[in-house]
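A.B. asks: Quick one, work.json (JSON, C-alpha atoms):
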```
[["chain", "number", "residue", "atom", "x", "y", "z"],
["A", 220, "MET", "CA", 97.95, 13.68, 79.25],
["A", 221, "LYS", "CA", 101.07, 15.73, 78.52],
["A", 222, "SER", "CA", 100.67, 19.07, 76.84],
["A", 223, "ALA", "CA", 102.79, 22.11, 76.07],
["A", 224, "VAL", "CA", 102.19, 25.68, 75.01],
["A", 225, "ILE", "CA", 104.81, 27.43, 72.88],
["A", 226, "VAL", "CA", 105.71, 30.97, 73.94],
["A", 227, "PHE", "CA", 107.18, 33.43, 71.46],
["A", 228, "PRO", "CA", 108.21, 36.99, 72.24],
["A", 229, "GLY", "CA", 104.94, 38.82, 71.61],
["A", 230, "SER", "CA", 102.61, 35.88, 72.31],
["A", 231, "ASN", "CA", 99.71, 37.10, 74.44],
["A", 232, "CYS", "CA", 97.22, 34.22, 74.51],
["A", 233, "ASP", "CA", 99.71, 31.66, 75.83],
["A", 234, "ARG", "CA", 98.38, 31.88, 79.38],
["A", 235, "ASP", "CA", 94.72, 31.64, 78.29],
["A", 236, "LEU", "CA", 95.53, 28.57, 76.23],
["A", 237, "ALA", "CA", 97.41, 27.00, 79.15],
["A", 238, "VAL", "CA", 94.41, 27.67, 81.43],
["A", 239, "ALA", "CA", 92.10, 25.99, 78.90],
["A", 240, "PHE", "CA", 94.36, 22.92, 78.60],
["A", 241, "GLU", "CA", 94.53, 22.63, 82.39],
["A", 242, "ALA", "CA", 90.80, 23.23, 82.91],
["A", 243, "VAL", "CA", 89.83, 20.20, 80.84],
["A", 244, "SER", "CA", 92.79, 17.87, 81.47],
["A", 245, "GLY", "CA", 93.62, 18.63, 85.10],
["A", 246, "THR", "CA", 97.33, 18.90, 84.31],
["A", 247, "LYS", "CA", 99.40, 21.99, 83.71],
["A", 248, "PRO", "CA", 101.01, 22.23, 80.28],
["A", 249, "ALA", "CA", 104.73, 22.88, 79.99],
["A", 250, "MET", "CA", 105.43, 26.40, 78.77],
["A", 251, "ILE", "CA", 108.11, 26.18, 76.07],
["A", 252, "TRP", "CA", 110.20, 29.19, 75.09],
["A", 253, "HIS", "CA", 110.81, 29.80, 71.39],
["A", 254, "ARG", "CA", 114.57, 29.28, 71.67],
["A", 255, "ASP", "CA", 114.19, 25.78, 73.04],
["A", 256, "THR", "CA", 115.25, 23.19, 70.53],
["A", 257, "GLU", "CA", 113.66, 20.21, 72.21],
["A", 258, "LEU", "CA", 110.20, 19.50, 73.54],
["A", 259, "PRO", "CA", 109.38, 17.32, 76.55],
["A", 260, "ASP", "CA", 109.17, 13.62, 75.64],
["A", 261, "ASP", "CA", 105.84, 11.96, 74.84],
["A", 262, "LEU", "CA", 103.81, 15.12, 74.38],
["A", 263, "ASP", "CA", 100.21, 14.46, 73.37],
["A", 264, "LEU", "CA", 99.23, 18.01, 72.56],
["A", 265, "ILE", "CA", 101.01, 21.24, 71.62],
["A", 266, "GLY", "CA", 99.34, 24.64, 71.60],
["A", 267, "VAL", "CA", 100.63, 27.44, 69.38],
["A", 268, "PRO", "CA", 98.99, 30.52, 70.89],
["A", 269, "GLY", "CA", 97.67, 33.79, 69.60],
["A", 270, "GLY", "CA", 99.38, 37.13, 69.89],
["A", 271, "PHE", "CA", 101.83, 39.14, 67.85],
["A", 272, "SER", "CA", 104.94, 36.99, 67.78],
["A", 273, "TYR", "CA", 108.03, 39.05, 66.92],
["A", 274, "GLY", "CA", 105.79, 42.07, 66.50],
["A", 275, "ASP", "CA", 104.38, 40.60, 63.26],
["A", 276, "TYR", "CA", 107.65, 41.66, 61.61],
["A", 277, "LEU", "CA", 108.00, 40.76, 57.92],
["A", 278, "ARG", "CA", 104.65, 38.85, 57.88],
["A", 279, "SER", "CA", 102.43, 37.63, 60.70],
["A", 280, "GLY", "CA", 103.93, 34.40, 62.00],
["A", 281, "ALA", "CA", 106.89, 34.46, 59.61],
["A", 282, "MET", "CA", 109.65, 34.86, 62.18],
["A", 283, "ALA", "CA", 108.08, 32.50, 64.71],
["A", 284, "ALA", "CA", 107.73, 29.83, 62.03],
["A", 285, "ARG", "CA", 111.54, 29.87, 61.60],
["A", 286, "SER", "CA", 112.34, 29.82, 65.33],
["A", 287, "PRO", "CA", 114.21, 26.79, 66.72],
["A", 288, "VAL", "CA", 111.23, 25.40, 68.62],
["A", 289, "MET", "CA", 109.08, 25.15, 65.48],
["A", 290, "GLN", "CA", 111.47, 22.57, 64.02],
["A", 291, "ALA", "CA", 110.72, 20.46, 67.07],
["A", 292, "VAL", "CA", 106.97, 21.11, 66.73],
["A", 293, "ALA", "CA", 107.08, 20.01, 63.08],
["A", 294, "LYS", "CA", 108.84, 16.77, 64.07],
["A", 295, "ALA", "CA", 106.30, 16.12, 66.83],
["A", 296, "ALA", "CA", 103.42, 16.76, 64.41],
["A", 297, "GLU", "CA", 104.93, 14.24, 62.02],
["A", 298, "ARG", "CA", 104.98, 11.66, 64.81],
["A", 299, "GLY", "CA", 101.26, 12.29, 65.41],
["A", 300, "THR", "CA", 101.28, 14.71, 68.32],
["A", 301, "TYR", "CA", 98.22, 16.93, 68.17],
["A", 302, "VAL", "CA", 98.96, 20.57, 67.37],
["A", 303, "LEU", "CA", 96.41, 23.35, 67.85],
["A", 304, "GLY", "CA", 97.29, 26.77, 66.44],
["A", 305, "ILE", "CA", 94.97, 29.64, 67.25],
["A", 306, "CYS", "CA", 95.02, 33.07, 65.59],
["A", 307, "ASN", "CA", 98.72, 33.99, 65.39],
["A", 308, "GLY", "CA", 99.29, 30.27, 65.99],
["A", 309, "PHE", "CA", 97.39, 29.53, 62.75],
["A", 310, "GLN", "CA", 99.56, 32.08, 60.94],
["A", 311, "VAL", "CA", 102.67, 30.39, 62.36],
["A", 312, "LEU", "CA", 101.46, 26.97, 61.18],
["A", 313, "THR", "CA", 100.83, 28.17, 57.61],
["A", 314, "GLU", "CA", 104.15, 30.04, 57.52],
["A", 315, "SER", "CA", 105.95, 26.92, 58.73],
["A", 316, "GLY", "CA", 104.30, 24.77, 56.07],
["A", 317, "LEU", "CA", 102.45, 22.53, 58.55],
["A", 318, "LEU", "CA", 99.21, 23.78, 57.01],
["A", 319, "PRO", "CA", 98.62, 24.96, 53.42],
["A", 320, "GLY", "CA", 97.71, 28.49, 52.36],
["A", 321, "ALA", "CA", 98.32, 31.85, 53.99],
["A", 322, "LEU", "CA", 96.51, 34.43, 56.10],
["A", 323, "LEU", "CA", 96.23, 37.76, 54.32],
["A", 324, "ARG", "CA", 95.27, 41.16, 55.67],
["A", 325, "ASN", "CA", 91.50, 41.29, 56.36],
["A", 326, "ALA", "CA", 89.63, 42.31, 53.22],
["A", 327, "SER", "CA", 88.19, 45.34, 55.03],
["A", 328, "GLY", "CA", 91.68, 46.47, 56.05],
["A", 329, "HIS", "CA", 90.43, 46.73, 59.63],
["A", 330, "PHE", "CA", 91.44, 44.89, 62.77],
["A", 331, "ILE", "CA", 88.36, 42.87, 63.83],
["A", 332, "CYS", "CA", 87.67, 42.17, 67.50],
["A", 333, "ARG", "CA", 84.23, 40.68, 68.20],
["A", 334, "ASP", "CA", 82.22, 37.48, 68.44],
["A", 335, "VAL", "CA", 81.64, 35.69, 65.14],
["A", 336, "GLY", "CA", 79.29, 32.83, 64.29],
["A", 337, "LEU", "CA", 80.95, 29.66, 63.03],
["A", 338, "THR", "CA", 79.63, 26.51, 61.44],
["A", 339, "VAL", "CA", 81.19, 23.16, 62.27],
["A", 340, "ASP", "CA", 81.96, 21.70, 58.86],
["A", 341, "ASN", "CA", 83.70, 18.52, 59.96],
["A", 342, "ALA", "CA", 82.62, 17.11, 63.33],
["A", 343, "GLN", "CA", 84.67, 13.93, 62.86],
["A", 344, "SER", "CA", 88.06, 15.42, 63.69],
["A", 345, "ALA", "CA", 89.81, 14.98, 67.02],
["A", 346, "PHE", "CA", 89.30, 18.70, 67.61],
["A", 347, "THR", "CA", 85.60, 18.88, 66.78],
["A", 348, "SER", "CA", 84.24, 15.51, 67.94],
["A", 349, "LYS", "CA", 82.08, 17.09, 70.67],
["A", 350, "TYR", "CA", 80.22, 19.28, 68.18],
["A", 351, "ASP", "CA", 77.51, 18.31, 65.72],
["A", 352, "ALA", "CA", 78.15, 18.64, 62.00],
["A", 353, "GLY", "CA", 76.48, 21.82, 60.79],
["A", 354, "GLU", "CA", 76.14, 23.18, 64.32],
["A", 355, "THR", "CA", 76.49, 26.94, 64.67],
["A", 356, "ILE", "CA", 78.66, 28.19, 67.52],
["A", 357, "SER", "CA", 80.20, 31.53, 68.37],
["A", 358, "PHE", "CA", 83.81, 32.34, 69.23],
["A", 359, "PRO", "CA", 85.56, 35.70, 69.53],
["A", 360, "VAL", "CA", 87.96, 36.76, 66.80],
["A", 361, "ALA", "CA", 90.70, 39.35, 67.25],
["A", 362, "HIS", "CA", 92.92, 39.72, 64.22],
["A", 363, "HIS", "CA", 94.17, 41.90, 61.41],
["A", 364, "ASP", "CA", 95.44, 39.12, 59.16],
["A", 365, "GLY", "CA", 92.78, 36.42, 59.13],
["A", 366, "ASN", "CA", 91.79, 36.37, 55.48],
["A", 367, "TYR", "CA", 92.49, 32.76, 54.50],
["A", 368, "PHE", "CA", 93.97, 32.36, 51.04],
["A", 369, "ALA", "CA", 94.97, 29.31, 49.03],
["A", 370, "ASP", "CA", 94.87, 28.54, 45.32],
["A", 371, "ALA", "CA", 91.72, 26.94, 43.92],
["A", 372, "ASP", "CA", 93.27, 23.46, 43.69],
["A", 373, "THR", "CA", 94.30, 23.57, 47.34],
["A", 374, "LEU", "CA", 90.84, 24.80, 48.39],
["A", 375, "ASP", "CA", 89.19, 22.02, 46.38],
["A", 376, "ARG", "CA", 91.46, 19.46, 47.99],
["A", 377, "LEU", "CA", 90.79, 20.79, 51.52],
["A", 378, "GLU", "CA", 87.05, 20.61, 50.94],
["A", 379, "GLY", "CA", 87.17, 17.25, 49.20],
["A", 380, "GLU", "CA", 89.18, 15.69, 52.02],
["A", 381, "GLY", "CA", 86.99, 17.11, 54.78],
["A", 382, "ARG", "CA", 89.83, 19.26, 56.03],
["A", 383, "VAL", "CA", 87.75, 22.40, 56.50],
["A", 384, "ALA", "CA", 86.92, 22.06, 60.21],
["A", 385, "LEU", "CA", 85.18, 25.41, 60.72],
["A", 386, "ARG", "CA", 83.65, 28.04, 58.48],
["A", 387, "TYR", "CA", 82.46, 31.54, 59.24],
["A", 388, "ALA", "CA", 78.66, 31.71, 59.36],
["A", 389, "GLU", "CA", 79.25, 35.36, 58.51],
["A", 390, "ASN", "CA", 82.49, 35.96, 56.60],
["A", 391, "CYS", "CA", 84.12, 38.71, 58.67],
["A", 392, "ASN", "CA", 87.51, 38.94, 56.97],
["A", 393, "GLY", "CA", 87.23, 37.87, 53.32],
["A", 394, "SER", "CA", 88.47, 34.30, 53.81],
["A", 395, "ALA", "CA", 88.26, 32.06, 50.76],
["A", 396, "ARG", "CA", 85.16, 29.85, 50.94],
["A", 397, "ASP", "CA", 84.42, 31.21, 54.45],
["A", 398, "ILE", "CA", 87.22, 29.09, 55.90],
["A", 399, "ALA", "CA", 87.92, 29.73, 59.60],
["A", 400, "GLY", "CA", 89.90, 26.60, 60.49],
["A", 401, "ILE", "CA", 91.65, 23.80, 58.59],
["A", 402, "LEU", "CA", 93.22, 20.44, 59.34],
["A", 403, "ASN", "CA", 96.40, 18.91, 57.98],
["A", 404, "GLU", "CA", 96.22, 15.77, 55.89],
["A", 405, "ALA", "CA", 96.70, 13.42, 58.87],
["A", 406, "GLY", "CA", 94.09, 15.31, 60.91],
["A", 407, "ASN", "CA", 96.34, 15.93, 63.92],
["A", 408, "VAL", "CA", 97.05, 19.62, 63.22],
["A", 409, "LEU", "CA", 94.33, 22.26, 63.36],
["A", 410, "GLY", "CA", 94.81, 25.95, 62.66],
["A", 411, "MET", "CA", 91.99, 28.41, 63.28],
["A", 412, "MET", "CA", 91.62, 32.19, 63.57],
["A", 413, "PRO", "CA", 88.80, 32.33, 66.18],
["A", 414, "HIS", "CA", 89.62, 31.91, 69.88],
["A", 415, "PRO", "CA", 87.97, 28.89, 71.58],
["A", 416, "GLU", "CA", 90.11, 29.40, 74.71],
["A", 417, "ARG", "CA", 88.30, 32.68, 75.37],
["A", 418, "VAL", "CA", 84.89, 31.01, 75.77],
["A", 419, "ILE", "CA", 85.33, 28.08, 78.15],
["A", 420, "GLU", "CA", 83.82, 29.34, 81.44],
["A", 421, "PRO", "CA", 80.34, 30.72, 82.23],
["A", 422, "ALA", "CA", 82.13, 33.85, 83.44],
["A", 423, "HIS", "CA", 83.32, 34.37, 79.83],
["A", 424, "GLY", "CA", 79.70, 34.84, 78.79],
["A", 425, "LYS", "CA", 79.54, 31.56, 76.92],
["A", 426, "THR", "CA", 81.24, 28.21, 76.84],
["A", 427, "ASP", "CA", 81.15, 27.20, 73.15],
["A", 428, "GLY", "CA", 84.91, 26.71, 73.07],
["A", 429, "ARG", "CA", 85.12, 24.28, 75.95],
["A", 430, "ARG", "CA", 83.94, 21.28, 73.94],
["A", 431, "LEU", "CA", 86.87, 21.68, 71.54],
["A", 432, "PHE", "CA", 89.31, 21.12, 74.42],
["A", 433, "GLU", "CA", 87.14, 18.44, 76.05],
["A", 434, "GLY", "CA", 86.89, 16.48, 72.82],
["A", 435, "LEU", "CA", 90.65, 16.67, 72.32],
["A", 436, "VAL", "CA", 91.45, 15.54, 75.84],
["A", 437, "GLU", "CA", 88.87, 12.74, 75.89],
["A", 438, "GLY", "CA", 90.20, 11.47, 72.57],
["A", 439, "LEU", "CA", 93.76, 11.58, 73.88],
["A", 440, "LEU", "CA", 92.87, 9.79, 77.11],
["A", 441, "ALA", "CA", 90.98, 7.12, 75.16],
["A", 442, "ARG", "CA", 94.05, 6.64, 72.96],
["A", 443, "ALA", "CA", 96.42, 6.27, 75.91],
["B", 282, "MET", "CA", 127.97, 43.75, 48.02],
["B", 283, "LYS", "CA", 124.38, 44.77, 48.31],
["B", 284, "ALA", "CA", 121.19, 43.25, 47.05],
["B", 285, "ARG", "CA", 117.72, 44.70, 46.96],
["B", 286, "ILE", "CA", 114.81, 42.30, 47.25],
["B", 287, "PHE", "CA", 111.45, 43.48, 45.96],
["B", 288, "VAL", "CA", 108.57, 41.49, 47.42],
["B", 289, "THR", "CA", 105.16, 41.95, 45.81],
["B", 290, "LEU", "CA", 101.81, 40.27, 46.16],
["B", 291, "LYS", "CA", 100.95, 37.89, 43.35],
["B", 292, "GLY", "CA", 98.33, 39.00, 40.86],
["B", 293, "GLY", "CA", 94.89, 38.07, 42.12],
["B", 294, "VAL", "CA", 95.88, 38.31, 45.79],
["B", 295, "LEU", "CA", 93.79, 40.99, 47.44],
["B", 296, "ASP", "CA", 95.79, 44.02, 48.62],
["B", 297, "PRO", "CA", 93.73, 46.06, 51.11],
["B", 298, "GLN", "CA", 96.77, 48.26, 51.83],
["B", 299, "GLY", "CA", 97.07, 49.15, 48.16],
["B", 300, "LYS", "CA", 93.34, 49.84, 48.02],
["B", 301, "ALA", "CA", 93.57, 52.16, 51.04],
["B", 302, "ILE", "CA", 96.50, 54.03, 49.46],
["B", 303, "HIS", "CA", 94.56, 54.31, 46.21],
["B", 304, "HIS", "CA", 91.60, 55.72, 48.10],
["B", 305, "ALA", "CA", 93.80, 58.23, 49.95],
["B", 306, "LEU", "CA", 95.37, 59.40, 46.67],
["B", 307, "GLU", "CA", 91.92, 60.00, 45.25],
["B", 308, "GLY", "CA", 91.05, 61.88, 48.45],
["B", 309, "LEU", "CA", 93.99, 64.18, 47.79],
["B", 310, "GLY", "CA", 92.54, 64.96, 44.39],
["B", 311, "PHE", "CA", 94.86, 62.84, 42.24],
["B", 312, "THR", "CA", 92.77, 61.51, 39.40],
["B", 313, "GLY", "CA", 93.83, 58.90, 36.89],
["B", 314, "VAL", "CA", 95.28, 56.41, 39.35],
["B", 315, "ASN", "CA", 93.94, 53.12, 38.03],
["B", 316, "ASP", "CA", 95.24, 50.80, 40.74],
["B", 317, "VAL", "CA", 97.76, 50.63, 43.59],
["B", 318, "ARG", "CA", 99.65, 47.57, 44.76],
["B", 319, "ALA", "CA", 101.92, 47.87, 47.79],
["B", 320, "GLY", "CA", 104.97, 45.70, 48.37],
["B", 321, "LYS", "CA", 108.19, 45.60, 50.35],
["B", 322, "LEU", "CA", 111.79, 46.50, 49.62],
["B", 323, "ILE", "CA", 114.39, 44.64, 51.66],
["B", 324, "GLU", "CA", 118.01, 45.73, 51.38],
["B", 325, "LEU", "CA", 120.70, 43.19, 52.17],
["B", 326, "ASP", "CA", 124.30, 44.08, 52.88],
["B", 327, "LEU", "CA", 126.12, 40.87, 51.96],
["B", 328, "ALA", "CA", 129.63, 39.48, 52.22],
["B", 329, "ASP", "CA", 131.40, 39.64, 48.89],
["B", 330, "GLY", "CA", 131.04, 36.39, 47.02],
["B", 331, "THR", "CA", 127.62, 35.50, 48.42],
["B", 332, "SER", "CA", 126.21, 33.24, 45.74],
["B", 333, "ASP", "CA", 123.07, 33.91, 43.76],
["B", 334, "ASP", "CA", 121.77, 30.58, 44.99],
["B", 335, "ASP", "CA", 122.14, 31.72, 48.58],
["B", 336, "ILE", "CA", 120.31, 34.98, 47.94],
["B", 337, "ASP", "CA", 117.54, 33.10, 46.17],
["B", 338, "ALA", "CA", 117.31, 30.67, 49.08],
["B", 339, "MET", "CA", 116.99, 33.60, 51.51],
["B", 340, "CYS", "CA", 114.03, 34.83, 49.48],
["B", 341, "ARG", "CA", 112.34, 31.45, 49.28],
["B", 342, "LYS", "CA", 112.93, 30.45, 52.90],
["B", 343, "LEU", "CA", 112.06, 33.68, 54.64],
["B", 344, "LEU", "CA", 111.86, 36.99, 52.82],
["B", 345, "ALA", "CA", 108.90, 36.09, 50.60],
["B", 346, "ASN", "CA", 105.99, 33.74, 51.20],
["B", 347, "THR", "CA", 105.73, 32.19, 47.76],
["B", 348, "VAL", "CA", 102.14, 31.11, 48.40],
["B", 349, "ILE", "CA", 101.10, 34.74, 48.06],
["B", 350, "GLU", "CA", 104.15, 36.75, 47.03],
["B", 351, "ASN", "CA", 106.62, 37.09, 44.17],
["B", 352, "TYR", "CA", 110.15, 38.37, 44.63],
["B", 353, "ARG", "CA", 112.74, 39.98, 42.44],
["B", 354, "ILE", "CA", 116.43, 40.25, 43.27],
["B", 355, "GLU", "CA", 118.43, 43.26, 42.15],
["B", 356, "LYS", "CA", 122.15, 43.13, 42.85],
["B", 357, "VAL", "CA", 123.76, 46.48, 43.54],
["B", 358, "ALA", "CA", 127.49, 46.79, 42.93]]
```
Can I see the file as structure tokens?
C.D. replies:
Amino acid sequence: MKSAVIVFPGSNCDRDLAVAFEAVSGTKPAMIWHRDTELPDDLDLIGVPGGFSYGDYLRSGAMAARSPVMQAVAKAAERGTYVLGICNGFQVLTESGLLPGALLRNASGHFICRDVGLTVDNAQSAFTSKYDAGETISFPVAHHDGNYFADADTLDRLEGEGRVALRYAENCNGSARDIAGILNEAGNVLGMMPHPERVIEPAHGKTDGRRLFEGLVEGLLARA
Amino acid sequence: MKARIFVTLKGGVLDPQGKAIHHALEGLGFTGVNDVRAGKLIELDLADGTSDDDIDAMCRKLLANTVIENYRIEKVA
């Protein structure tokens, strides 16, 4: 399995995401700098990590979404490469148009950094296949702009097409319809605010996030 | 040539920053403030002859996120 993690100036979860990819797949991902215009050939999986790319200037994820490497990520996504955007990575994916909607400032106005309960809404996706539908899990969140917004038609479509992968069991940031993570139409791009890569080892306190990566990798290996 | 771009949240989009400002104004004793919405002002110093279409494209492609924001362009001589 070939994977890559995109690194923007200000990314700070790129290493954690790379560790998670390697822990479940056994191979190190390529670390790709934001100025690169091409990705390695035949990538199966691309991670867009959390952090504060470009200092959150203009809007969270806005500058990163227009960086050269994101053109290449968009092309790869179109060809069917899996793309996982976490936290700032989710903001980058909405800003780049790979996922609908936008992430607004948390309704409380506060930065939130704690564990949050999540419900698996769609357990059929490549990202959630190792979870049970309706299962409650817990991932850490750490964000200021995680309040998912889209117009009512878009929200209806996301729900109708099973593209809401994860919802907050307890809505911590004001997100529309408790949405914590959404899929693109083809199902190969997932954006989510909570951090599965921070809960993959017993030493992390819990391992709820590990199955997300295991499911992805097993699916990719089965496809190969 | 200069242009000023005003970027504001669309009606109905929650503005916690505006709410916090509103609250702070009330804390200072200003009564009669019904609502506060915060936005951004971006000033562009442009080459003479930059077309309106180009300025509009700058707004659509980067300066505003039209999912949640409106923009208004004001050209300054």
A.B. asks: Record the distance separating CA of Asp364 (chain A) and CA of Asp337 (chain B), expressed in Å with one decimal.
C.D. replies: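 Separation of CA of Asp364 (chain A) and CA of Asp337 (chain B): 26.3 Å.
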A.B. asks: Distance CA of Met411 (chain A)-CA of Ala345 (chain B), one decimal place?
C.D. replies: 22.5 Å
A.B. asks: With only C-alpha atoms as the atoms that count, which of A:Arg278, A:Arg285, A:Arg429, A:His423 lies nearest to Glu350 (chain B)?
C.D. replies: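 Answer, going by the shortest atom-to-atom distance: A:Arg278.
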A.B. asks: Would you list the contacts of region 316-331 of chain B as a PDB file with C-alpha atoms, keeping the file's coordinate frame, taking every protein, DNA or RNA residue within 6 Å and counting only C-alpha atoms, but skipping same-chain residues closer than 6 positions in sequence?
C.D. replies:
```pdb
ATOM      1  CA  MET B 282     127.970  43.750  48.020  1.00  0.00           C
ATOM      2  CA  LYS B 283     124.380  44.770  48.310  1.00  0.00           C
ATOM      3  CA  ALA B 284     121.190  43.250  47.050  1.00  0.00           C
ATOM      4  CA  ARG B 285     117.720  44.700  46.960  1.00  0.00           C
ATOM      5  CA  ILE B 286     114.810  42.300  47.250  1.00  0.00           C
ATOM      6  CA  PHE B 287     111.450  43.480  45.960  1.00  0.00           C
ATOM      7  CA  VAL B 288     108.570  41.490  47.420  1.00  0.00           C
ATOM      8  CA  THR B 289     105.160  41.950  45.810  1.00  0.00           C
ATOM      9  CA  GLY B 299      97.070  49.150  48.160  1.00  0.00           C
ATOM     10  CA  HIS B 303      94.560  54.310  46.210  1.00  0.00           C
TER      11      HIS B 303
END
```
A.B. asks: Could I get the residues of chain B with an atom no further than 8 Å from an atom of chain A, each paired with its nearest atom pair and that distance in Å to one decimal, using all atoms listed in the file, sorted by chain and residue number, as CSV?
C.D. replies:
```
residue,atom,partner,partner_atom,distance
B:Leu295,CA,A:Ala326,CA,7.2
B:Asp296,CA,A:Arg324,CA,7.6
B:Pro297,CA,A:Gly328,CA,5.4
B:Gln298,CA,A:Gly328,CA,6.8
B:Ala301,CA,A:Gly328,CA,7.8
B:Leu343,CA,A:Ala281,CA,7.2
B:Leu344,CA,A:Leu277,CA,7.4
B:Asn346,CA,A:Glu314,CA,7.6
B:Val348,CA,A:Gly320,CA,6.5
B:Ile349,CA,A:Ala321,CA,7.2
```
A.B. asks: Find the residues near Asp351 (chain A): any atom within 10 Å, counting all atoms listed in the file, skip ones fewer than 3 places away on the same chain, and give them as a list in words.
C.D. replies: Thr338, Val339, Asp340, Asn341, Ala342, Gln343, Thr347, Ser348, Glu354 and Thr355 of chain A
A.B. asks: What does the distance from CA of Gly410 (chain A) to CA of Ala422 (chain A) come to in Å, to one decimal?
C.D. replies: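 Calculated distance between CA of Gly410 (chain A) and CA of Ala422 (chain A) is 25.6 Å.
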A.B. asks: For region 328-339 of chain B, I'd like the enclosing box, axis-aligned and padded by 6 Å on every side, reported as lines of an AutoDock Vina configuration file with centre and edge lengths in Å to one decimal.
C.D. replies:
```
center_x = 124.2
center_y = 35.1
center_z = 48.0
size_x = 26.4
size_y = 21.1
size_z = 20.5
```
A.B. asks: Show me as a list in words the residues that reach within 10 Å of (106.1, 21.6, 68.0), counting only C-alpha atoms and using the file's own coordinates.
C.D. replies: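 Checking each residue against the 10 Å limit leaves Ala223, Val224, Ile225, Ile251, Thr256, Glu257, Leu258, Leu262, Leu264, Ile265, Gly266, Val267, Pro287, Val288, Met289, Gln290, Ala291, Val292, Ala293, Lys294, Ala295, Ala296, Glu297, Thr300, Tyr301, Val302, Leu303 and Leu312 of chain A.
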A.B. asks: Just write the chosen residues, C-alpha atoms, as a PDB file, keeping the file's coordinate frame.
C.D. replies:
```pdb
ATOM      1  CA  ALA A 223     102.790  22.110  76.070  1.00  0.00           C
ATOM      2  CA  VAL A 224     102.190  25.680  75.010  1.00  0.00           C
ATOM      3  CA  ILE A 225     104.810  27.430  72.880  1.00  0.00           C
ATOM      4  CA  ILE A 251     108.110  26.180  76.070  1.00  0.00           C
ATOM      5  CA  THR A 256     115.250  23.190  70.530  1.00  0.00           C
ATOM      6  CA  GLU A 257     113.660  20.210  72.210  1.00  0.00           C
ATOM      7  CA  LEU A 258     110.200  19.500  73.540  1.00  0.00           C
ATOM      8  CA  LEU A 262     103.810  15.120  74.380  1.00  0.00           C
ATOM      9  CA  LEU A 264      99.230  18.010  72.560  1.00  0.00           C
ATOM     10  CA  ILE A 265     101.010  21.240  71.620  1.00  0.00           C
ATOM     11  CA  GLY A 266      99.340  24.640  71.600  1.00  0.00           C
ATOM     12  CA  VAL A 267     100.630  27.440  69.380  1.00  0.00           C
ATOM     13  CA  PRO A 287     114.210  26.790  66.720  1.00  0.00           C
ATOM     14  CA  VAL A 288     111.230  25.400  68.620  1.00  0.00           C
ATOM     15  CA  MET A 289     109.080  25.150  65.480  1.00  0.00           C
ATOM     16  CA  GLN A 290     111.470  22.570  64.020  1.00  0.00           C
ATOM     17  CA  ALA A 291     110.720  20.460  67.070  1.00  0.00           C
ATOM     18  CA  VAL A 292     106.970  21.110  66.730  1.00  0.00           C
ATOM     19  CA  ALA A 293     107.080  20.010  63.080  1.00  0.00           C
ATOM     20  CA  LYS A 294     108.840  16.770  64.070  1.00  0.00           C
ATOM     21  CA  ALA A 295     106.300  16.120  66.830  1.00  0.00           C
ATOM     22  CA  ALA A 296     103.420  16.760  64.410  1.00  0.00           C
ATOM     23  CA  GLU A 297     104.930  14.240  62.020  1.00  0.00           C
ATOM     24  CA  THR A 300     101.280  14.710  68.320  1.00  0.00           C
ATOM     25  CA  TYR A 301      98.220  16.930  68.170  1.00  0.00           C
ATOM     26  CA  VAL A 302      98.960  20.570  67.370  1.00  0.00           C
ATOM     27  CA  LEU A 303      96.410  23.350  67.850  1.00  0.00           C
ATOM     28  CA  LEU A 312     101.460  26.970  61.180  1.00  0.00           C
TER      29      LEU A 312
END
```
